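Visitor: The following file, query11.cif, comprises mmCIF, C-alpha atoms:
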```cif
data_upload
#
loop_
_atom_site.label_atom_id
_atom_site.label_comp_id
_atom_site.auth_asym_id
_atom_site.auth_seq_id
_atom_site.Cartn_x
_atom_site.Cartn_y
_atom_site.Cartn_z
CA MET L 1 0.00 0.00 0.00
CA SER L 2 2.79 2.45 0.91
CA GLY L 3 4.48 1.68 -2.41
CA GLU L 4 1.28 2.58 -4.24
CA LYS L 5 0.96 5.83 -2.29
CA ASN L 6 4.58 6.72 -3.07
CA LYS L 7 3.80 6.19 -6.73
CA HIS L 8 0.80 8.51 -6.42
CA LYS L 9 2.97 11.11 -4.70
CA LEU L 10 5.63 10.93 -7.41
CA LYS L 11 3.06 11.47 -10.15
CA PHE L 12 1.61 14.41 -8.22
CA GLN L 13 5.07 15.95 -7.91
CA ILE L 14 5.43 15.65 -11.68
CA LEU L 15 2.12 17.50 -12.04
CA ILE L 16 3.34 20.28 -9.74
CA ALA L 17 6.57 20.52 -11.74
CA PHE L 18 4.53 20.74 -14.95
CA ILE L 19 2.36 23.55 -13.53
CA THR L 20 5.47 25.42 -12.35
CA LEU L 21 7.13 25.14 -15.76
CA PHE L 22 3.93 26.23 -17.48
CA PHE L 23 3.82 29.31 -15.25
CA LEU L 24 7.48 30.11 -15.98
CA PHE L 25 6.93 29.67 -19.73
CA SER L 26 3.97 32.08 -19.49
CA ILE L 27 6.21 34.72 -17.96
CA PHE L 28 8.93 34.01 -20.54
CA GLN L 29 6.65 34.40 -23.54
CA TYR L 30 5.13 37.56 -22.07
CA VAL L 31 8.54 39.17 -21.43
CA PHE L 32 10.00 38.24 -24.82
CA GLY L 33 6.83 38.83 -26.84
CA PHE L 34 6.47 35.26 -28.07
CA GLU L 35 2.95 35.99 -29.39
CA GLY L 36 4.46 38.44 -31.89
CA TYR L 37 6.63 35.71 -33.42
CA LEU L 38 3.68 33.33 -33.43
CA LYS L 39 1.46 35.85 -35.19
CA SER L 40 4.15 36.46 -37.83
CA PHE L 41 4.51 32.72 -38.39
CA LEU L 42 0.76 32.16 -38.74
CA GLU L 43 0.43 35.16 -41.03
CA SER L 44 3.08 33.68 -43.30
CA ILE L 45 1.25 30.35 -43.69
CA LYS L 46 -2.40 31.42 -43.49
CA ASP L 47 -2.95 30.88 -47.23
CA THR L 48 -1.44 27.38 -47.30
CA LYS L 49 -3.39 24.12 -47.23
CA MET L 50 -1.80 23.11 -43.92
CA PHE L 51 -2.87 26.24 -42.06
CA LEU L 52 -6.01 24.79 -40.45
CA ALA L 53 -4.18 21.65 -39.26
CA ILE L 54 -1.38 23.78 -37.79
CA TYR L 55 -3.87 26.17 -36.20
CA LEU L 56 -5.75 23.33 -34.46
CA SER L 57 -2.51 21.63 -33.43
CA LEU L 58 -1.51 24.83 -31.60
CA PHE L 59 -4.49 24.38 -29.29
CA VAL L 60 -3.16 20.92 -28.41
CA ILE L 61 0.35 22.31 -27.85
CA SER L 62 -1.12 25.06 -25.67
CA SER L 63 -2.06 22.37 -23.13
CA PHE L 64 1.65 22.05 -22.34
CA PHE L 65 3.14 25.33 -23.53
CA PRO L 66 1.26 28.64 -23.12
CA ILE L 67 0.12 30.01 -26.48
CA PRO L 68 -2.11 33.06 -25.97
CA PHE L 69 -4.86 34.60 -28.11
CA LEU L 70 -5.41 31.69 -30.50
CA THR L 71 -9.12 32.47 -30.74
CA PHE L 72 -8.36 36.15 -31.33
CA PHE L 73 -5.96 35.29 -34.14
CA GLY L 74 -8.44 32.87 -35.68
CA ALA L 75 -11.01 35.66 -35.72
CA THR L 76 -8.64 37.82 -37.80
CA VAL L 77 -8.22 35.10 -40.42
CA PHE L 78 -11.54 33.23 -40.64
CA THR L 79 -15.16 34.26 -41.05
CA PHE L 80 -17.18 34.50 -37.84
CA GLU L 81 -18.70 31.04 -38.32
CA LYS L 82 -15.41 29.32 -39.15
CA ALA L 83 -13.52 31.09 -36.36
CA PHE L 84 -16.19 29.92 -33.92
CA ILE L 85 -16.19 26.29 -35.10
CA TYR L 86 -12.40 25.98 -35.26
CA SER L 87 -11.86 27.68 -31.89
CA VAL L 88 -14.44 25.46 -30.19
CA LEU L 89 -12.90 22.34 -31.74
CA GLY L 90 -9.38 23.42 -30.77
CA ASN L 91 -10.42 24.25 -27.21
CA VAL L 92 -12.19 20.91 -26.80
CA LEU L 93 -9.04 19.07 -27.90
CA ALA L 94 -6.97 21.03 -25.36
CA PHE L 95 -9.55 20.60 -22.56
CA VAL L 96 -9.74 16.83 -23.02
CA LEU L 97 -5.99 16.27 -23.28
CA LEU L 98 -5.06 18.27 -20.18
CA PHE L 99 -7.96 16.76 -18.22
CA TYR L 100 -6.58 13.25 -18.76
CA VAL L 101 -3.00 14.31 -18.01
CA ALA L 102 -4.10 15.90 -14.72
CA ARG L 103 -6.29 12.91 -13.85
CA TRP L 104 -3.49 10.42 -14.39
CA LEU L 105 -0.92 12.45 -12.49
CA GLY L 106 -2.89 14.02 -9.66
CA LYS L 107 -6.23 12.42 -8.81
CA ASP L 108 -4.97 9.43 -6.82
CA TYR L 109 -2.63 11.45 -4.61
CA LEU L 110 -5.28 14.09 -3.94
CA ASN L 111 -7.72 11.39 -2.83
CA ASP L 112 -5.02 9.90 -0.55
CA TYR L 113 -4.25 13.31 0.95
CA VAL L 114 -7.82 14.50 1.41
CA ALA L 115 -8.80 11.24 3.10
CA LYS L 116 -6.64 12.29 6.07
CA LYS L 117 -8.11 15.81 6.27
CA PRO L 118 -11.81 15.90 7.26
CA LYS L 119 -12.22 19.62 6.45
CA LEU L 120 -10.61 19.26 3.04
CA LYS L 121 -12.64 16.15 2.40
CA LYS L 122 -15.85 18.07 3.09
CA LEU L 123 -14.73 21.00 0.91
CA LYS L 124 -13.86 18.62 -1.94
CA PHE L 125 -17.22 16.89 -1.54
CA ASP L 126 -19.10 20.22 -1.62
CA LEU L 127 -17.27 21.34 -4.76
CA GLU L 128 -17.82 18.04 -6.54
CA LYS L 129 -21.50 18.06 -5.60
CA LYS L 130 -21.84 21.19 -7.76
CA SER L 131 -19.02 20.29 -10.10
CA PHE L 132 -20.93 20.86 -13.34
CA LEU L 133 -21.91 24.45 -12.53
CA THR L 134 -18.50 25.10 -10.95
CA ILE L 135 -16.70 24.20 -14.18
CA VAL L 136 -19.19 26.23 -16.28
CA PHE L 137 -18.74 29.32 -14.11
CA LEU L 138 -14.96 28.96 -14.02
CA ARG L 139 -14.92 28.75 -17.83
CA PHE L 140 -17.01 31.94 -17.90
CA PHE L 141 -14.48 33.68 -15.64
CA TYR L 142 -11.95 34.00 -18.43
CA ILE L 143 -9.31 35.84 -16.39
CA ILE L 144 -8.61 32.47 -14.76
CA PRO L 145 -6.25 30.44 -17.01
CA THR L 146 -8.19 27.72 -18.82
CA GLU L 147 -5.43 25.25 -17.92
CA PHE L 148 -6.24 25.69 -14.23
CA VAL L 149 -9.85 24.65 -14.86
CA CYS L 150 -8.69 21.59 -16.84
CA ILE L 151 -6.40 20.52 -14.01
CA LEU L 152 -9.11 21.12 -11.40
CA GLY L 153 -11.51 18.92 -13.34
CA GLY L 154 -8.86 16.24 -13.85
CA ILE L 155 -7.83 15.88 -10.20
CA SER L 156 -11.44 15.83 -9.00
CA ASN L 157 -13.75 12.82 -9.12
CA MET L 158 -15.85 14.50 -11.79
CA GLY L 159 -16.91 12.26 -14.67
CA PHE L 160 -15.36 12.90 -18.06
CA TRP L 161 -18.59 13.54 -19.96
CA LYS L 162 -19.91 15.90 -17.29
CA TYR L 163 -16.62 17.79 -17.37
CA SER L 164 -16.59 17.90 -21.17
CA LEU L 165 -20.15 19.21 -21.46
CA ALA L 166 -19.59 21.79 -18.71
CA SER L 167 -16.35 22.94 -20.38
CA LEU L 168 -18.04 23.20 -23.76
CA LEU L 169 -20.99 25.20 -22.44
CA GLY L 170 -18.73 27.43 -20.37
CA SER L 171 -16.37 28.21 -23.24
CA LEU L 172 -19.02 29.02 -25.88
CA PRO L 173 -19.92 32.55 -24.71
CA VAL L 174 -16.24 33.40 -24.14
CA THR L 175 -15.46 32.32 -27.70
CA ILE L 176 -18.38 34.28 -29.14
CA GLY L 177 -17.47 37.41 -27.18
CA SER L 178 -13.81 37.18 -28.22
CA ILE L 179 -14.60 36.76 -31.91
CA MET L 180 -17.12 39.61 -31.80
CA LEU L 181 -14.48 41.85 -30.23
CA ILE L 182 -11.99 41.21 -33.05
CA HIS L 183 -14.58 41.44 -35.82
CA SER L 184 -15.89 44.71 -34.40
CA SER L 185 -12.44 46.28 -34.74
CA GLN L 186 -12.02 44.90 -38.25
CA THR L 187 -15.42 45.96 -39.58
CA ASN L 188 -16.02 49.03 -37.38
CA ASN L 189 -19.36 47.49 -36.45
CA PRO L 190 -20.65 49.22 -33.28
CA LYS L 191 -23.21 46.45 -32.66
CA TYR L 192 -20.48 43.81 -32.51
CA MET L 193 -18.47 46.04 -30.19
CA ALA L 194 -21.44 46.61 -27.87
CA PHE L 195 -22.40 42.93 -27.79
CA SER L 196 -18.82 41.85 -27.12
CA PHE L 197 -18.51 44.26 -24.17
CA ILE L 198 -21.86 43.11 -22.76
CA ILE L 199 -20.93 39.43 -23.08
CA MET L 200 -17.40 39.78 -21.70
CA GLY L 201 -18.60 41.97 -18.84
CA ALA L 202 -21.43 39.58 -17.92
CA LEU L 203 -19.03 36.63 -17.95
CA LEU L 204 -16.96 38.31 -15.23
CA ILE L 205 -19.99 39.08 -13.06
CA ILE L 206 -22.07 35.88 -13.31
CA PRO L 207 -19.46 33.54 -11.72
CA LEU L 208 -19.17 35.85 -8.69
CA PHE L 209 -22.78 35.05 -7.86
CA GLY L 210 -22.59 31.41 -8.96
CA ILE L 211 -19.49 30.58 -6.89
CA PRO L 212 -19.61 32.35 -3.48
CA LYS L 213 -16.01 31.38 -2.68
CA LEU L 214 -14.86 33.08 -5.88
CA ARG L 215 -16.72 36.24 -4.87
CA SER L 216 -15.04 36.16 -1.45
CA PHE L 217 -11.63 35.68 -3.09
CA VAL L 218 -12.14 38.68 -5.40
CA LYS L 219 -13.28 40.85 -2.48
CA SER L 220 -10.27 39.88 -0.37
CA SER L 221 -7.92 40.54 -3.30
CA SER L 222 -9.46 43.97 -3.81
CA LYS L 223 -8.99 44.86 -0.13
CA LYS L 224 -5.32 43.84 -0.28
CA LYS L 225 -4.75 46.11 -3.28
CA VAL L 226 -6.37 49.02 -1.44
#
```
Can you give me the file's structure in the form of structure tokens?

Guide:
Amino acid sequence: MSGEKNKHKLKFQILIAFITLFFLFSIFQYVFGFEGYLKSFLESIKDTKMFLAIYLSLFVISSFFPIPFLTFFGATVFTFEKAFIYSVLGNVLAFVLLFYVARWLGKDYLNDYVAKKPKLKKLKFDLEKKSFLTIVFLRFFYIIPTEFVCILGGISNMGFWKYSLASLLGSLPVTIGSIMLIHSSQTNNPKYMAFSFIIMGALLIIPLFGIPKLRSFVKSSSKKKV
């Protein structure tokens, strides 16, 4: 039994190392403007036959290496309908892949650890009892990295199909709002601009009422800044 628990702990440590590296890569690409190089690369191949395959593969890569604004870039290249379909498909691929990675590496150790902590066990139970809505609201709250939500779903006891449906529903309005924002700047369409602001604003507010703990966290963060 102890050997099995040590194995669980080792896998969890690998997950922590992965999260740490992902965070460091995020800082690196922000400091050195990696998105600028990516945009130049995609611009150079956008008229080739392989562009769509490369574009979708970047969503998969983004599960392990931070690649920002893929939906935004897709909106500059594709029509509204195609940008929506391709972004949803790419996000689903990334959501599923990282979910399974997190589940394999972290779920067993978390269950071992929580079993010894009654308060944590109750908190985990309460979150999983409302896991579907929790994932939907966290997907709405787009300032939280999507990778965090994938990992949270993976290390929980949430079923795959429930997680997948919740992730899909939660990401749809974010995708629509993002594409509208880009198209509004390209077409100078005030209606698109207004709708995008309404959608993106609502997506920040709704989760604060749907997840009380998230509202408390935001309030405490605001007080610290003041």

Visitor: Need the shell around region 171-178 of chain L: protein/DNA/RNA residues with any atom at most 7 Å away, counting all atoms listed in the file. Skip same-chain ones fewer than 6 positions apart. Format as a list of chain:residue names?

Guide: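 What passes the distance filter is L:Phe72, L:Phe84, L:Arg139, L:Phe140, L:Ser196, L:Ile199, L:Met200.
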
Visitor: Where does the PyMOL selection byres ((chain L and resi 49-66) around 7) land in this file, that is, which residues does it pick, as an mmCIF file with C-alpha atoms, in the coordinates of the input?

Guide:
```
data_model
loop_
_atom_site.group_PDB
_atom_site.id
_atom_site.type_symbol
_atom_site.label_atom_id
_atom_site.label_comp_id
_atom_site.auth_asym_id
_atom_site.auth_seq_id
_atom_site.Cartn_x
_atom_site.Cartn_y
_atom_site.Cartn_z
ATOM 1 C CA PHE L 22 3.930 26.230 -17.480
ATOM 2 C CA PHE L 25 6.930 29.670 -19.730
ATOM 3 C CA SER L 26 3.970 32.080 -19.490
ATOM 4 C CA ILE L 45 1.250 30.350 -43.690
ATOM 5 C CA LYS L 46 -2.400 31.420 -43.490
ATOM 6 C CA ASP L 47 -2.950 30.880 -47.230
ATOM 7 C CA THR L 48 -1.440 27.380 -47.300
ATOM 8 C CA ILE L 67 0.120 30.010 -26.480
ATOM 9 C CA PRO L 68 -2.110 33.060 -25.970
ATOM 10 C CA GLY L 90 -9.380 23.420 -30.770
ATOM 11 C CA ASN L 91 -10.420 24.250 -27.210
ATOM 12 C CA LEU L 93 -9.040 19.070 -27.900
ATOM 13 C CA ALA L 94 -6.970 21.030 -25.360
ATOM 14 C CA LEU L 98 -5.060 18.270 -20.180
ATOM 15 C CA GLU L 147 -5.430 25.250 -17.920
#
```

Visitor: Could you spell out the hits of the PyMOL selection byres ((chain L and resi 136) around 9) on the shown file, as an MDAnalysis selection string?

Guide: chainID L and resid 131:135 137:141 163 165:171 207

Visitor: What separation in Å, quoted to one decimal, exists between CA of Lys11 (chain L) and CA of Gly153 (chain L)?

Guide: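 A separation of 16.7 Å between them.
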
Visitor: So the first atom is CA of Met180 (chain L) and the second is CA of Tyr192 (chain L); what is the distance between them in Å, to one decimal place?

Guide: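 Separation of CA of Met180 (chain L) and CA of Tyr192 (chain L): 5.4 Å.
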
Visitor: Can you work out the spacing between CA of Lys130 (chain L) and CA of Gly159 (chain L) in Å, to one decimal?

Guide: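 Straight-line distance from CA of Lys130 (chain L) to CA of Gly159 (chain L) works out to 12.3 Å.
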
Visitor: For each of L:Lys162, L:Ser184, L:Leu42, L:Phe95, take the minimum atom-to-atom distance to Phe73 (chain L), counting all atoms listed in the file, then give the residue where this is smallest.

Guide: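 Among L:Lys162, L:Ser184, L:Leu42, L:Phe95, it is L:Leu42 that comes nearest to Phe73 (chain L).
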
Visitor: Could you tell me which of L:Ala102, L:Leu203, L:His183, L:Pro118 comes closest to Asn157 (chain L) if we count all atoms listed in the file?

Guide: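 Ranking L:Ala102, L:Leu203, L:His183, L:Pro118 by distance to Asn157 (chain L), first place goes to L:Ala102.
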
Visitor: Select, from L:Tyr142, L:Tyr113, L:Ile182, L:Gly201, the residue with the minimum atom-to-atom distance to Thr71 (chain L), counting only C-alpha atoms.

Guide: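 Smallest distance to Thr71 (chain L) is found for L:Ile182.
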
Visitor: When you count all atoms listed in the file, which of these residues is closest to Thr187 (chain L): L:Ile16, L:Thr79, L:Val101, L:Phe148?

Guide: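 Closest residue, counting all atoms listed in the file: L:Thr79.
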
Visitor: Can you tell me, as a list in words, which residues sit within 6 Å of (-9.5, 30.2, -35.7) in the file's frame, using only C-alpha atoms?

Guide: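 Residues close enough to count: Thr71, Gly74, Ala75, Ala83, Tyr86 and Ser87 of chain L.
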
Visitor: Could region 132-151 of chain L be completed with N, CA and C atoms and written as a PDB file, keeping the file's coordinate frame, please?

Guide:
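Written out: part_28.pdb:
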```
ATOM      1  N   PHE L 132     -20.546  20.438 -11.986  1.00  0.00           N
ATOM      2  CA  PHE L 132     -20.930  20.860 -13.340  1.00  0.00           C
ATOM      3  C   PHE L 132     -21.001  22.373 -13.430  1.00  0.00           C
ATOM      4  N   LEU L 133     -21.768  22.995 -12.516  1.00  0.00           N
ATOM      5  CA  LEU L 133     -21.910  24.450 -12.530  1.00  0.00           C
ATOM      6  C   LEU L 133     -20.586  25.147 -12.194  1.00  0.00           C
ATOM      7  N   THR L 134     -19.804  24.518 -11.308  1.00  0.00           N
ATOM      8  CA  THR L 134     -18.500  25.100 -10.950  1.00  0.00           C
ATOM      9  C   THR L 134     -17.604  25.231 -12.168  1.00  0.00           C
ATOM     10  N   ILE L 135     -17.530  24.167 -12.976  1.00  0.00           N
ATOM     11  CA  ILE L 135     -16.700  24.200 -14.180  1.00  0.00           C
ATOM     12  C   ILE L 135     -17.252  25.216 -15.187  1.00  0.00           C
ATOM     13  N   VAL L 136     -18.583  25.257 -15.354  1.00  0.00           N
ATOM     14  CA  VAL L 136     -19.190  26.230 -16.280  1.00  0.00           C
ATOM     15  C   VAL L 136     -18.832  27.648 -15.873  1.00  0.00           C
ATOM     16  N   PHE L 137     -19.008  27.959 -14.578  1.00  0.00           N
ATOM     17  CA  PHE L 137     -18.740  29.320 -14.110  1.00  0.00           C
ATOM     18  C   PHE L 137     -17.249  29.668 -14.191  1.00  0.00           C
ATOM     19  N   LEU L 138     -16.392  28.698 -13.916  1.00  0.00           N
ATOM     20  CA  LEU L 138     -14.960  28.960 -14.020  1.00  0.00           C
ATOM     21  C   LEU L 138     -14.533  29.186 -15.467  1.00  0.00           C
ATOM     22  N   ARG L 139     -15.191  28.510 -16.407  1.00  0.00           N
ATOM     23  CA  ARG L 139     -14.920  28.750 -17.830  1.00  0.00           C
ATOM     24  C   ARG L 139     -15.402  30.151 -18.212  1.00  0.00           C
ATOM     25  N   PHE L 140     -16.537  30.573 -17.647  1.00  0.00           N
ATOM     26  CA  PHE L 140     -17.010  31.940 -17.900  1.00  0.00           C
ATOM     27  C   PHE L 140     -15.968  32.963 -17.452  1.00  0.00           C
ATOM     28  N   PHE L 141     -15.387  32.717 -16.278  1.00  0.00           N
ATOM     29  CA  PHE L 141     -14.480  33.680 -15.640  1.00  0.00           C
ATOM     30  C   PHE L 141     -13.125  33.613 -16.329  1.00  0.00           C
ATOM     31  N   TYR L 142     -13.058  34.220 -17.504  1.00  0.00           N
ATOM     32  CA  TYR L 142     -11.950  34.000 -18.430  1.00  0.00           C
ATOM     33  C   TYR L 142     -10.610  34.564 -17.962  1.00  0.00           C
ATOM     34  N   ILE L 143     -10.607  35.365 -16.882  1.00  0.00           N
ATOM     35  CA  ILE L 143      -9.310  35.840 -16.390  1.00  0.00           C
ATOM     36  C   ILE L 143      -8.560  34.739 -15.646  1.00  0.00           C
ATOM     37  N   ILE L 144      -9.267  33.648 -15.316  1.00  0.00           N
ATOM     38  CA  ILE L 144      -8.610  32.470 -14.760  1.00  0.00           C
ATOM     39  C   ILE L 144      -8.056  31.648 -15.931  1.00  0.00           C
ATOM     40  N   PRO L 145      -6.799  31.245 -15.909  1.00  0.00           N
ATOM     41  CA  PRO L 145      -6.250  30.440 -17.010  1.00  0.00           C
ATOM     42  C   PRO L 145      -7.079  29.179 -17.246  1.00  0.00           C
ATOM     43  N   THR L 146      -7.379  28.903 -18.496  1.00  0.00           N
ATOM     44  CA  THR L 146      -8.190  27.720 -18.820  1.00  0.00           C
ATOM     45  C   THR L 146      -7.504  26.437 -18.361  1.00  0.00           C
ATOM     46  N   GLU L 147      -6.164  26.446 -18.341  1.00  0.00           N
ATOM     47  CA  GLU L 147      -5.430  25.250 -17.920  1.00  0.00           C
ATOM     48  C   GLU L 147      -5.721  24.902 -16.458  1.00  0.00           C
ATOM     49  N   PHE L 148      -5.913  25.925 -15.635  1.00  0.00           N
ATOM     50  CA  PHE L 148      -6.240  25.690 -14.230  1.00  0.00           C
ATOM     51  C   PHE L 148      -7.549  24.929 -14.099  1.00  0.00           C
ATOM     52  N   VAL L 149      -8.539  25.308 -14.917  1.00  0.00           N
ATOM     53  CA  VAL L 149      -9.850  24.650 -14.860  1.00  0.00           C
ATOM     54  C   VAL L 149      -9.731  23.195 -15.324  1.00  0.00           C
ATOM     55  N   CYS L 150      -8.920  22.961 -16.354  1.00  0.00           N
ATOM     56  CA  CYS L 150      -8.690  21.590 -16.840  1.00  0.00           C
ATOM     57  C   CYS L 150      -8.087  20.722 -15.746  1.00  0.00           C
ATOM     58  N   ILE L 151      -7.083  21.266 -15.066  1.00  0.00           N
ATOM     59  CA  ILE L 151      -6.400  20.520 -14.010  1.00  0.00           C
ATOM     60  C   ILE L 151      -7.343  20.263 -12.839  1.00  0.00           C
TER      61      ILE L 151
END
```
